[in-house]
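Chemist: Input start.cif, format and content: mmCIF, C-alpha atoms.
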```
data_protein
#
loop_
_atom_site.label_atom_id
_atom_site.label_comp_id
_atom_site.auth_asym_id
_atom_site.auth_seq_id
_atom_site.Cartn_x
_atom_site.Cartn_y
_atom_site.Cartn_z
CA MET A 1 101.44 98.36 125.96
CA THR A 2 104.64 98.21 127.93
CA LEU A 3 106.96 95.30 127.98
CA THR A 4 106.29 94.55 131.62
CA THR A 5 102.47 94.36 131.31
CA ALA A 6 102.80 92.12 128.27
CA THR A 7 105.09 89.77 130.12
CA ALA A 8 103.59 89.83 133.61
CA GLY A 9 100.09 88.35 133.35
CA MET A 10 98.29 85.44 131.76
CA LEU A 11 98.25 85.51 127.99
CA THR A 12 95.23 84.45 125.95
CA GLY A 13 95.47 83.85 122.21
CA PRO A 14 92.69 84.06 119.61
CA VAL A 15 90.06 81.31 119.32
CA SER A 16 90.57 79.06 116.33
CA ASP A 17 87.95 80.43 113.92
CA ARG A 18 88.57 84.11 114.69
CA LEU A 19 91.44 84.89 112.31
CA VAL A 20 91.75 84.23 108.58
CA VAL A 21 95.45 84.11 107.76
CA ARG A 22 96.70 84.26 104.15
CA PRO A 23 100.43 84.13 103.46
CA LEU A 24 101.34 86.51 100.59
CA ASP A 25 105.04 86.24 99.67
CA ALA A 26 107.11 87.15 102.78
CA LEU A 27 104.15 88.58 104.71
CA SER A 28 100.86 87.31 106.04
CA VAL A 29 97.62 89.21 105.77
CA VAL A 30 95.19 88.53 108.56
CA PHE A 31 91.46 89.25 108.68
CA ASP A 32 90.08 89.52 112.21
CA ARG A 33 86.44 88.36 112.14
CA GLN A 34 85.89 89.84 115.59
CA SER A 35 86.90 93.42 114.77
CA GLY A 36 86.56 93.37 110.96
CA MET A 37 90.11 94.72 110.74
CA THR A 38 92.85 93.61 108.38
CA HIS A 39 96.43 93.27 109.66
CA ILE A 40 99.64 92.71 107.77
CA LEU A 41 102.14 90.72 109.77
CA ALA A 42 105.76 89.81 109.21
CA SER A 43 107.42 86.70 110.59
CA PRO A 44 107.51 85.67 113.45
CA MET A 45 104.11 87.24 114.30
CA PRO A 46 101.98 84.70 112.35
CA GLU A 47 103.98 81.83 113.89
CA ILE A 48 103.46 83.22 117.41
CA LEU A 49 99.73 83.66 116.73
CA ALA A 50 99.50 80.10 115.42
CA LEU A 51 101.09 78.77 118.63
CA MET A 52 98.71 80.86 120.74
CA THR A 53 95.50 79.82 118.98
CA ASP A 54 93.04 78.37 121.53
CA TRP A 55 95.83 78.69 124.10
CA SER A 56 96.22 80.47 127.39
CA GLY A 57 99.28 80.58 129.64
CA THR A 58 102.20 82.52 131.01
CA VAL A 59 104.99 84.16 129.03
CA SER A 60 107.35 81.55 130.40
CA ALA A 61 105.17 78.73 129.04
CA LEU A 62 104.89 80.47 125.68
CA THR A 63 108.65 80.93 125.51
CA GLN A 64 109.01 77.20 126.07
CA ARG A 65 106.47 76.43 123.32
CA LEU A 66 108.32 78.72 120.90
CA ALA A 67 111.69 77.22 121.84
CA ASP A 68 110.31 73.72 121.25
CA ALA A 69 108.55 74.61 117.99
CA PHE A 70 111.51 76.37 116.43
CA ASP A 71 114.31 74.43 118.08
CA ILE A 72 115.83 77.41 119.90
CA ALA A 73 117.41 77.35 123.33
CA ARG A 74 114.81 79.02 125.59
CA ASP A 75 117.38 80.71 127.79
CA GLU A 76 118.81 82.71 124.90
CA ALA A 77 118.27 86.33 125.91
CA PRO A 78 117.30 87.63 122.42
CA LEU A 79 114.37 85.18 122.26
CA ALA A 80 112.75 86.46 125.45
CA GLU A 81 113.34 90.08 124.44
CA GLN A 82 112.00 89.54 120.92
CA LEU A 83 108.99 87.67 122.22
CA ALA A 84 108.14 90.42 124.71
CA ALA A 85 108.29 93.04 121.94
CA ARG A 86 106.14 90.97 119.55
CA LEU A 87 103.62 90.22 122.32
CA GLY A 88 103.39 93.94 123.00
CA GLU A 89 102.54 94.53 119.33
CA LEU A 90 100.02 91.68 119.14
CA THR A 91 98.34 92.98 122.30
CA ALA A 92 98.18 96.49 120.84
CA LEU A 93 96.47 95.05 117.74
CA GLY A 94 93.95 93.33 120.00
CA LEU A 95 94.91 89.86 118.79
CA VAL A 96 96.33 88.71 122.13
CA GLU A 97 94.97 89.51 125.59
CA VAL A 98 96.95 89.95 128.78
CA ARG A 99 95.21 89.63 132.13
CA MET B 1 60.56 117.50 89.29
CA HIS B 2 62.22 115.84 86.29
CA GLN B 3 63.84 112.41 86.17
CA ARG B 4 65.65 109.80 84.08
CA LEU B 5 66.78 106.21 84.58
CA ILE B 6 70.29 105.31 83.44
CA GLY B 7 71.92 101.86 83.38
CA VAL B 8 75.71 101.45 83.30
CA GLY B 9 77.03 97.89 83.57
CA PRO B 10 75.18 96.20 86.44
CA ALA B 11 74.13 99.47 88.14
CA ARG B 12 71.02 101.57 87.58
CA PHE B 13 70.58 105.16 88.64
CA ARG B 14 67.50 107.33 88.98
CA ILE B 15 68.51 110.93 88.38
CA VAL B 16 66.00 113.40 89.79
CA SER B 17 66.51 117.07 89.02
CA ASP B 18 64.92 120.43 89.76
CA TRP B 19 65.83 121.40 86.19
CA GLU B 20 65.26 119.68 82.84
CA SER B 21 68.48 120.97 81.19
CA PRO B 22 71.00 118.70 82.97
CA LEU B 23 68.82 115.70 82.11
CA ARG B 24 68.85 116.64 78.42
CA ALA B 25 72.65 116.72 78.58
CA LEU B 26 72.55 113.24 80.15
CA ASP B 27 70.14 112.05 77.41
CA ALA B 28 72.71 113.05 74.79
CA LEU B 29 75.62 111.45 76.66
CA TYR B 30 73.77 108.17 77.33
CA ALA B 31 71.87 107.93 73.99
CA ASP B 32 73.76 104.73 73.02
CA TYR B 33 73.18 102.98 76.37
CA PRO B 34 70.39 100.39 76.61
CA PRO B 35 67.28 102.03 78.10
CA VAL B 36 66.10 101.02 81.58
CA THR B 37 62.46 100.10 81.06
CA ASP B 38 61.35 98.35 84.26
CA GLY B 39 61.51 101.41 86.52
CA TYR B 40 63.94 99.81 88.95
CA ALA B 41 67.07 101.64 90.17
CA ASP B 42 69.85 100.78 92.63
CA PHE B 43 70.49 104.41 93.57
CA THR B 44 68.83 107.78 93.39
CA VAL B 45 70.84 110.94 92.68
CA ARG B 46 69.13 114.27 93.29
CA LEU B 47 70.21 117.53 91.71
CA GLU B 48 68.50 120.09 93.87
CA ALA B 49 68.51 123.86 94.08
CA ALA B 50 70.66 124.99 97.01
CA ARG B 51 67.68 127.18 98.08
CA PRO B 52 64.20 127.24 96.49
CA TRP B 53 64.83 130.61 94.76
CA ARG B 54 68.17 129.26 93.52
CA ARG B 55 66.24 127.29 90.89
CA PHE B 56 65.98 130.62 89.06
CA ILE B 57 68.46 133.15 90.47
CA ARG B 58 72.14 132.24 90.06
CA PRO B 59 71.02 128.61 90.05
CA SER B 60 73.33 126.29 91.98
CA VAL B 61 73.13 122.53 92.29
CA HIS B 62 73.36 120.45 95.45
CA ILE B 63 74.14 116.78 94.86
CA ARG B 64 72.00 114.59 97.09
CA GLY B 65 71.28 110.90 97.03
CA ASP B 66 71.01 107.65 98.96
CA HIS B 67 74.64 108.07 99.97
CA MET B 68 76.07 111.52 100.60
CA ILE B 69 79.14 113.24 101.92
CA ALA B 70 78.42 115.99 104.40
CA ASP B 71 80.52 118.87 103.12
CA ALA B 72 80.00 118.73 99.33
CA LEU B 73 79.81 122.27 97.95
CA PRO B 74 77.09 123.19 95.47
CA LEU B 75 78.07 123.69 91.81
CA PRO B 76 76.68 126.29 89.36
CA LEU B 77 73.91 124.99 87.07
CA SER B 78 76.32 125.13 84.10
CA MET B 79 78.16 122.27 85.80
CA ALA B 80 75.03 120.20 86.49
CA LEU B 81 76.19 117.44 84.14
CA LEU B 82 79.36 117.15 86.23
CA ALA B 83 77.20 117.15 89.38
CA ALA B 84 75.14 114.26 87.98
CA GLU B 85 78.26 112.23 87.13
CA MET B 86 79.80 112.99 90.54
CA GLY B 87 76.55 111.96 92.21
CA MET B 88 76.49 108.64 90.34
CA ASN B 89 80.14 107.96 91.22
CA LEU B 90 79.45 108.75 94.85
CA GLN B 91 76.56 106.28 95.01
CA MET B 92 78.80 103.56 93.54
CA ALA B 93 81.75 104.37 95.79
CA LEU B 94 79.73 104.45 99.00
CA GLY B 95 76.85 102.11 98.27
CA TRP B 96 77.81 99.29 95.93
CA ARG B 97 78.10 95.92 97.70
CA ARG B 98 77.80 93.28 94.95
CA HIS B 99 81.47 93.47 93.89
CA VAL B 100 84.74 94.79 95.22
CA LEU B 101 84.90 98.30 93.83
CA LEU B 102 88.35 99.49 92.83
CA HIS B 103 89.18 103.06 91.91
CA ALA B 104 90.63 101.87 88.62
CA ALA B 105 90.15 101.83 84.89
CA SER B 106 89.93 98.52 83.04
CA VAL B 107 90.25 97.25 79.49
CA GLU B 108 89.77 93.82 77.94
CA ARG B 109 91.16 91.74 75.10
CA ASP B 110 90.57 88.02 74.35
CA GLY B 111 88.39 87.71 77.45
CA ARG B 112 91.22 88.89 79.74
CA ALA B 113 90.95 92.12 81.71
CA VAL B 114 93.71 94.56 82.64
CA ILE B 115 93.05 96.60 85.78
CA LEU B 116 94.72 100.04 85.72
CA SER B 117 94.65 101.36 89.27
CA GLY B 118 95.73 104.83 90.26
CA THR B 119 94.68 108.03 91.94
CA SER B 120 93.56 111.16 90.06
CA GLY B 121 96.41 112.41 87.89
CA SER B 122 98.00 108.97 87.40
CA GLY B 123 96.70 109.06 83.83
CA LYS B 124 94.66 105.86 84.12
CA SER B 125 91.52 107.36 82.51
CA THR B 126 93.36 108.71 79.49
CA LEU B 127 95.45 105.57 79.09
CA ALA B 128 92.31 103.40 79.21
CA ALA B 129 90.50 105.74 76.80
CA MET B 130 93.40 105.52 74.32
CA LEU B 131 93.54 101.71 74.59
CA GLY B 132 89.74 101.67 74.11
CA GLU B 133 90.17 103.40 70.74
CA GLY B 134 92.55 100.62 69.62
CA ASP B 135 92.06 96.87 69.79
CA TRP B 136 90.89 96.80 73.41
CA ARG B 137 87.41 96.97 74.89
CA LEU B 138 87.06 99.83 77.37
CA MET B 139 85.41 98.36 80.48
CA GLY B 140 85.52 101.55 82.52
CA ASP B 141 87.65 104.59 83.30
CA GLU B 142 86.76 105.15 86.96
CA PHE B 143 85.66 101.97 88.73
CA ALA B 144 86.67 98.36 88.18
CA LEU B 145 84.18 95.89 89.68
CA VAL B 146 85.71 92.57 90.75
CA GLY B 147 83.65 89.50 91.64
CA LEU B 148 83.40 88.41 95.29
CA ASP B 149 83.48 84.70 94.40
CA THR B 150 85.19 84.75 91.00
CA PRO B 151 88.16 86.67 89.55
CA ASP B 152 85.80 88.24 86.99
CA CYS B 153 85.89 91.94 86.18
CA ILE B 154 82.49 93.46 85.44
CA ALA B 155 82.37 96.44 83.09
CA PHE B 156 81.18 99.85 84.25
CA PRO B 157 81.70 101.83 81.05
CA ARG B 158 80.28 105.22 81.95
CA PRO B 159 81.38 108.10 79.71
CA VAL B 160 85.10 108.75 80.24
CA SER B 161 85.77 111.86 82.29
CA LEU B 162 88.63 113.61 80.46
CA LYS B 163 90.43 116.39 82.27
CA ASN B 164 92.55 119.31 81.05
CA ALA B 165 95.30 118.23 78.60
CA SER B 166 93.64 114.82 78.04
CA ILE B 167 90.69 116.55 76.35
CA ALA B 168 92.76 117.74 73.38
CA ALA B 169 94.62 114.40 73.27
CA MET B 170 91.31 112.58 72.70
CA THR B 171 89.35 115.12 70.59
CA SER B 172 92.17 114.98 68.03
CA ARG B 173 91.57 111.26 67.46
CA VAL B 174 87.88 110.60 68.21
CA ASP B 175 84.67 111.58 66.36
CA ALA B 176 83.29 114.85 67.75
CA ALA B 177 79.81 113.31 68.09
CA ARG B 178 81.07 111.17 70.98
CA PHE B 179 81.89 114.14 73.22
CA GLY B 180 79.70 115.93 75.73
CA PRO B 181 79.96 119.67 76.24
CA LEU B 182 83.18 121.21 77.57
CA ILE B 183 82.68 122.00 81.26
CA ALA B 184 85.29 124.68 81.90
CA ALA B 185 86.93 125.78 85.15
CA THR B 186 85.38 123.17 87.46
CA PRO B 187 87.02 122.44 90.84
CA LYS B 188 88.96 119.72 88.94
CA GLY B 189 89.86 121.95 85.98
CA ASP B 190 88.31 121.59 82.52
CA ILE B 191 86.24 118.43 82.07
CA ARG B 192 84.73 116.85 78.98
CA HIS B 193 82.98 113.49 78.82
CA MET B 194 83.67 111.03 76.03
CA VAL B 195 81.19 108.25 75.22
CA PRO B 196 82.93 104.84 74.91
CA ARG B 197 82.85 103.10 71.54
CA GLN B 198 79.54 101.52 70.55
CA ASP B 199 80.96 97.97 70.84
CA ALA B 200 82.14 98.62 74.43
CA ILE B 201 78.62 99.71 75.41
CA ALA B 202 76.98 96.81 73.53
CA ARG B 203 79.20 94.31 75.39
CA MET B 204 78.99 95.94 78.83
CA ALA B 205 77.23 92.92 80.37
CA ALA B 206 80.09 90.58 79.35
CA PRO B 207 82.58 89.94 82.21
CA ALA B 208 86.30 89.26 81.67
CA ARG B 209 88.76 87.36 83.86
CA ALA B 210 91.21 89.63 85.73
CA ALA B 211 94.56 88.79 84.11
CA LEU B 212 96.87 91.71 84.85
CA ILE B 213 97.02 94.54 87.40
CA ILE B 214 98.94 97.70 86.51
CA PHE B 215 99.55 100.75 88.69
CA PRO B 216 100.37 103.45 86.12
CA LEU B 217 102.15 106.71 86.90
CA PHE B 218 102.23 109.33 84.16
CA GLY B 219 105.12 111.77 83.81
CA SER B 220 108.52 110.08 83.80
CA ALA B 221 110.64 107.79 81.63
CA ALA B 222 109.21 104.38 80.76
CA SER B 223 109.85 101.80 83.48
CA ILE B 224 108.35 98.55 84.76
CA ARG B 225 108.54 97.34 88.36
CA PRO B 226 107.07 93.94 89.25
CA MET B 227 105.07 94.04 92.47
CA LEU B 228 104.92 91.28 95.07
CA PRO B 229 101.47 90.06 96.20
CA ALA B 230 101.57 91.66 99.68
CA GLU B 231 102.24 95.11 98.24
CA THR B 232 99.61 94.53 95.56
CA PHE B 233 97.11 93.61 98.30
CA VAL B 234 97.85 96.80 100.25
CA ARG B 235 97.58 98.95 97.10
CA LEU B 236 94.29 97.28 96.13
CA THR B 237 92.76 97.80 99.58
CA ASP B 238 93.81 101.48 99.32
CA ALA B 239 92.20 101.69 95.88
CA SER B 240 88.95 100.06 97.01
CA THR B 241 86.07 102.25 98.13
CA ASN B 242 84.08 99.43 99.73
CA TYR B 243 86.75 97.06 101.12
CA VAL B 244 85.94 97.79 104.78
CA ALA B 245 82.19 97.58 104.20
CA LEU B 246 82.49 94.17 102.53
CA GLY B 247 84.32 92.61 105.49
CA GLU B 248 85.63 89.07 105.00
CA ALA B 249 84.16 88.81 101.47
CA GLY B 250 86.33 91.76 100.39
CA PHE B 251 89.37 90.28 102.15
CA ASP B 252 88.89 86.96 100.35
CA ALA B 253 88.42 88.61 96.96
CA LEU B 254 91.45 90.93 97.22
CA THR B 255 93.83 88.34 98.70
CA ARG B 256 92.87 85.99 95.85
CA LEU B 257 93.37 88.74 93.28
CA ALA B 258 96.76 89.75 94.74
CA ALA B 259 97.97 86.14 94.95
CA ASP B 260 96.78 85.00 91.51
CA VAL B 261 97.10 87.99 89.18
CA PRO B 262 100.51 89.39 88.16
CA ALA B 263 100.95 93.06 89.12
CA PHE B 264 103.32 95.81 88.01
CA GLU B 265 103.93 99.49 88.59
CA ILE B 266 104.75 101.37 85.41
CA THR B 267 105.89 104.91 84.70
CA TYR B 268 105.46 106.40 81.23
CA PRO B 269 106.22 109.74 79.56
CA ASP B 270 103.29 109.83 77.08
CA GLY B 271 100.21 107.94 75.91
CA THR B 272 101.98 106.00 73.18
CA ALA B 273 104.64 104.71 75.59
CA GLY B 274 101.97 103.87 78.18
CA GLN B 275 99.97 101.85 75.66
CA SER B 276 102.99 99.88 74.50
CA LEU B 277 103.97 99.04 78.12
CA VAL B 278 100.45 97.71 78.77
CA ARG B 279 100.58 95.68 75.54
CA GLN B 280 104.05 94.33 76.40
CA LEU B 281 103.03 93.21 79.92
CA PHE B 282 99.77 91.75 78.59
CA ASP B 283 101.65 89.68 75.97
CA GLU B 284 104.34 88.57 78.45
CA THR B 285 101.88 87.50 81.15
CA SER B 286 99.59 85.66 78.73
CA ALA B 287 102.44 83.57 77.32
#
```
Kindly present the structure from the file in structure tokens form.
Modeler:
Amino acid sequence: MTLTTATAGMLTGPVSDRLVVRPLDALSVVFDRQSGMTHILASPMPEILALMTDWSGTVSALTQRLADAFDIARDEAPLAEQLAARLGELTALGLVEVR
Amino acid sequence: MHQRLIGVGPARFRIVSDWESPLRALDALYADYPPVTDGYADFTVRLEAARPWRRFIRPSVHIRGDHMIADALPLPLSMALLAAEMGMNLQMALGWRRHVLLHAASVERDGRAVILSGTSGSGKSTLAAMLGEGDWRLMGDEFALVGLDTPDCIAFPRPVSLKNASIAAMTSRVDAARFGPLIAATPKGDIRHMVPRQDAIARMAAPARAALIIFPLFGSAASIRPMLPAETFVRLTDASTNYVALGEAGFDALTRLAADVPAFEITYPDGTAGQSLVRQLFDETSA
């Protein structure tokens, strides 16, 4: 998954009863009921997934949601870069779809 | 065709063999275990001649059963007891679904279980066997069964499989009548089975709450490293033979275990040091 594909299309997050998320110390372990796979995620992946649950929209809209949720200025370059990289990883794990 | 029924903890095995001799060896090893009288078994293990004439000429044993691995090599008939034990382990590892199965030994005291998880060579079997000769109940040397809905450990006290140097370590301190025959030069080295103490077999149906998880590593100076729950979870999923098959039930059970039960990695230079580290952690975590 390249950065451009992850950031170009419409993003779709997981439906609300698909993932079981358990925080264990600094990490979160996630059971995907759809695939039967277990993932171990570090922050901010669980937070991004939580914001994307039952949600669909553009990268720009997601960046705004993140900026609002975590009180960050949305035009800060590191945020957009970080988000694109994390979205690439979540897409590769099959937890987020890009169309 | 010859056969026996054997019950260990909650599991029952039907052992079917082309030869009577391996079954007699099993009779001796399992003489203290409660007999299975209702004819029901969870798994069937078959010890079959590799070819029909191989029942008589250079007899060699194929392990077959409900669950099999494709490329298992046959063993000579002199190792048929090992084949039977391997066959029973394989059925548990691949087929058991009623509990999370961990590749781990376990011991109990005061209703609290210690899970000793490690790969072959970590020394978990020997450490558990030594503890089981002291004031602990040996719950099992190979598989720890953990409840899907409760943090209970269920005992699976099959005869302890001692390897190489561990054999002498245990024969020097345990009654000779509790040992099976020496099976020399197997693919895993020398192997000798040791029957758990009578009280451990008598109490094998009694569960114990998982209270402590230890990942032992034999061979270096004594040390203790506390483990955080996420690492414990990863190590437990690695140690489980049926985690993937259990799906969400396995995930729930192992996340609960990792979050609620204190875990440590220990290294130890010898059996005495290993036992005192287990005792120390048990006392500290029960305070």
Chemist: Under the rule of at most 10 Å, produce a per-residue listing of chain A near chain B: chain, number, name, the closest pair of atoms, and the distance in Å, as a tab-separated table, using only C-alpha atoms.
Modeler:
```
residue	atom	partner	partner_atom	distance
A:Val20	CA	B:Glu248	CA	8.6
A:Arg22	CA	B:Thr255	CA	7.4
A:Pro23	CA	B:Ala230	CA	8.5
A:Leu24	CA	B:Ala230	CA	5.2
A:Asp25	CA	B:Pro229	CA	6.3
A:Ala26	CA	B:Ala230	CA	7.8
A:Leu27	CA	B:Ala230	CA	6.4
A:Ser28	CA	B:Ala230	CA	7.7
A:Val29	CA	B:Ala230	CA	7.7
A:Val30	CA	B:Phe251	CA	8.8
A:Phe31	CA	B:Glu248	CA	6.9
A:Asp32	CA	B:Glu248	CA	8.5
A:Arg33	CA	B:Glu248	CA	7.2
A:Ser35	CA	B:Gly247	CA	9.7
A:Gly36	CA	B:Gly247	CA	6.0
A:Met37	CA	B:Val244	CA	7.9
A:Thr38	CA	B:Phe251	CA	7.9
A:Ile40	CA	B:Ala230	CA	8.4
```
Chemist: How many Å lie between atom CA of Val16 of chain B and atom CA of Gly87 of chain B, rounded to one decimal?
Modeler: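 Straight-line distance from atom CA of Val16 of chain B to atom CA of Gly87 of chain B works out to 10.9 Å.
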Chemist: So the first atom is atom CA of Arg158 of chain B and the second is atom CA of Glu48 of chain B; what is the distance between them in Å, to one decimal place?
Modeler: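 Here the two named atoms are 22.4 Å from each other.
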Chemist: As a PyMOL selection string, please: the residues near Thr12 of chain A (cut-off 12 Å, all atoms listed in the file, same-chain neighbours under 3 positions excluded).
Modeler: chain A and resi 6-7+9+15-16+48-49+51-59+61-62+87+90-91+94-99
Chemist: Those residues with C-alpha atoms, as an mmCIF file, in the frame of the given file please?
Modeler:
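Saved file again-v2.cif follows:
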```cif
data_model
loop_
_atom_site.group_PDB
_atom_site.id
_atom_site.type_symbol
_atom_site.label_atom_id
_atom_site.label_comp_id
_atom_site.auth_asym_id
_atom_site.auth_seq_id
_atom_site.Cartn_x
_atom_site.Cartn_y
_atom_site.Cartn_z
ATOM 1 C CA ALA A 6 102.800 92.120 128.270
ATOM 2 C CA THR A 7 105.090 89.770 130.120
ATOM 3 C CA GLY A 9 100.090 88.350 133.350
ATOM 4 C CA VAL A 15 90.060 81.310 119.320
ATOM 5 C CA SER A 16 90.570 79.060 116.330
ATOM 6 C CA ILE A 48 103.460 83.220 117.410
ATOM 7 C CA LEU A 49 99.730 83.660 116.730
ATOM 8 C CA LEU A 51 101.090 78.770 118.630
ATOM 9 C CA MET A 52 98.710 80.860 120.740
ATOM 10 C CA THR A 53 95.500 79.820 118.980
ATOM 11 C CA ASP A 54 93.040 78.370 121.530
ATOM 12 C CA TRP A 55 95.830 78.690 124.100
ATOM 13 C CA SER A 56 96.220 80.470 127.390
ATOM 14 C CA GLY A 57 99.280 80.580 129.640
ATOM 15 C CA THR A 58 102.200 82.520 131.010
ATOM 16 C CA VAL A 59 104.990 84.160 129.030
ATOM 17 C CA ALA A 61 105.170 78.730 129.040
ATOM 18 C CA LEU A 62 104.890 80.470 125.680
ATOM 19 C CA LEU A 87 103.620 90.220 122.320
ATOM 20 C CA LEU A 90 100.020 91.680 119.140
ATOM 21 C CA THR A 91 98.340 92.980 122.300
ATOM 22 C CA GLY A 94 93.950 93.330 120.000
ATOM 23 C CA LEU A 95 94.910 89.860 118.790
ATOM 24 C CA VAL A 96 96.330 88.710 122.130
ATOM 25 C CA GLU A 97 94.970 89.510 125.590
ATOM 26 C CA VAL A 98 96.950 89.950 128.780
ATOM 27 C CA ARG A 99 95.210 89.630 132.130
#
```
Chemist: Please, what distance in Å, to one decimal, runs between atom CA of Leu29 of chain B and atom CA of Gly180 of chain B?
Modeler: 6.1 Å
Chemist: Leaving out Gly95 of chain B and any residue of its chain fewer than 4 positions from it, which residues lie within 10 Å of it when counting only C-alpha atoms, given as a list of chain:residue names?
Modeler: B:Asp42, B:Phe43, B:Asp66, B:His67, B:Met68, B:Asn89, B:Leu90, B:Gln91, B:Leu101, B:Thr241, B:Asn242, B:Ala245
Chemist: Once 3 Å is added on each side, what centre and edge lengths in Å to one decimal does the axis-aligned box around all listed atoms of segment 44-61 of chain B have, as JSON?
Modeler:
```
{"center_x": 68.8, "center_y": 120.5, "center_z": 93.6, "size_x": 15.1, "size_y": 31.4, "size_z": 15.0}
```
Chemist: Restricting the calculation to all atoms listed in the file: of B:Ser220, B:Gln3, B:Thr285, B:Ser106, which residue gets closest to Tyr268 of chain B?
Modeler: B:Ser220
Chemist: When the PyMOL selection byres ((chain B and resi 148-155) around 6) is applied to the structure above, which residues does it catch, written out as a ChimeraX atom specification?
Modeler: /B:9,99,139,145-147,156-157,204,207-210,253
Chemist: Running the PyMOL selection byres ((chain B and resi 178) around 12) on this model by hand, what would come out? Give it as a list in words.
Modeler: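 Answer for the PyMOL selection byres ((chain B and resi 178) around 12): Ala28, Leu29, Tyr30, Ala31, Asp32, Glu133, Pro159, Val160, Met170, Thr171, Arg173, Val174, Asp175, Ala176, Ala177, Phe179, Gly180, Pro181, Arg192, His193, Met194, Val195, Pro196, Arg197 and Gln198 of chain B.
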Chemist: Let me make sure I understand: among B:Leu26, B:Ala202, B:Ala11, B:Ile266, which one has the smallest atom-to-atom distance to Met92 of chain B if we use only C-alpha atoms?
Modeler: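 Of the candidates, the smallest distance to Met92 of chain B is held by B:Ala11.
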Chemist: Skipping near chain neighbours, those fewer than 4 positions away, what residues fall within 8 Å of Thr267 of chain B using all atoms listed in the file, listed as an mmCIF file with C-alpha atoms, in the coordinates of the input?
Modeler:
```cif
data_model
loop_
_atom_site.group_PDB
_atom_site.id
_atom_site.type_symbol
_atom_site.label_atom_id
_atom_site.label_comp_id
_atom_site.auth_asym_id
_atom_site.auth_seq_id
_atom_site.Cartn_x
_atom_site.Cartn_y
_atom_site.Cartn_z
ATOM 1 C CA PRO B 216 100.370 103.450 86.120
ATOM 2 C CA LEU B 217 102.150 106.710 86.900
ATOM 3 C CA PHE B 218 102.230 109.330 84.160
ATOM 4 C CA GLY B 219 105.120 111.770 83.810
ATOM 5 C CA SER B 220 108.520 110.080 83.800
ATOM 6 C CA ALA B 221 110.640 107.790 81.630
ATOM 7 C CA ALA B 222 109.210 104.380 80.760
ATOM 8 C CA SER B 223 109.850 101.800 83.480
ATOM 9 C CA ILE B 224 108.350 98.550 84.760
ATOM 10 C CA GLY B 274 101.970 103.870 78.180
#
```
Chemist: Point out the residue among B:Trp136, B:Tyr243, B:Phe282, B:Phe264 with the least atom-to-atom distance to Leu94 of chain B, counting only C-alpha atoms.
Modeler: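 Using only C-alpha atoms, the shortest distance to Leu94 of chain B belongs to B:Tyr243.
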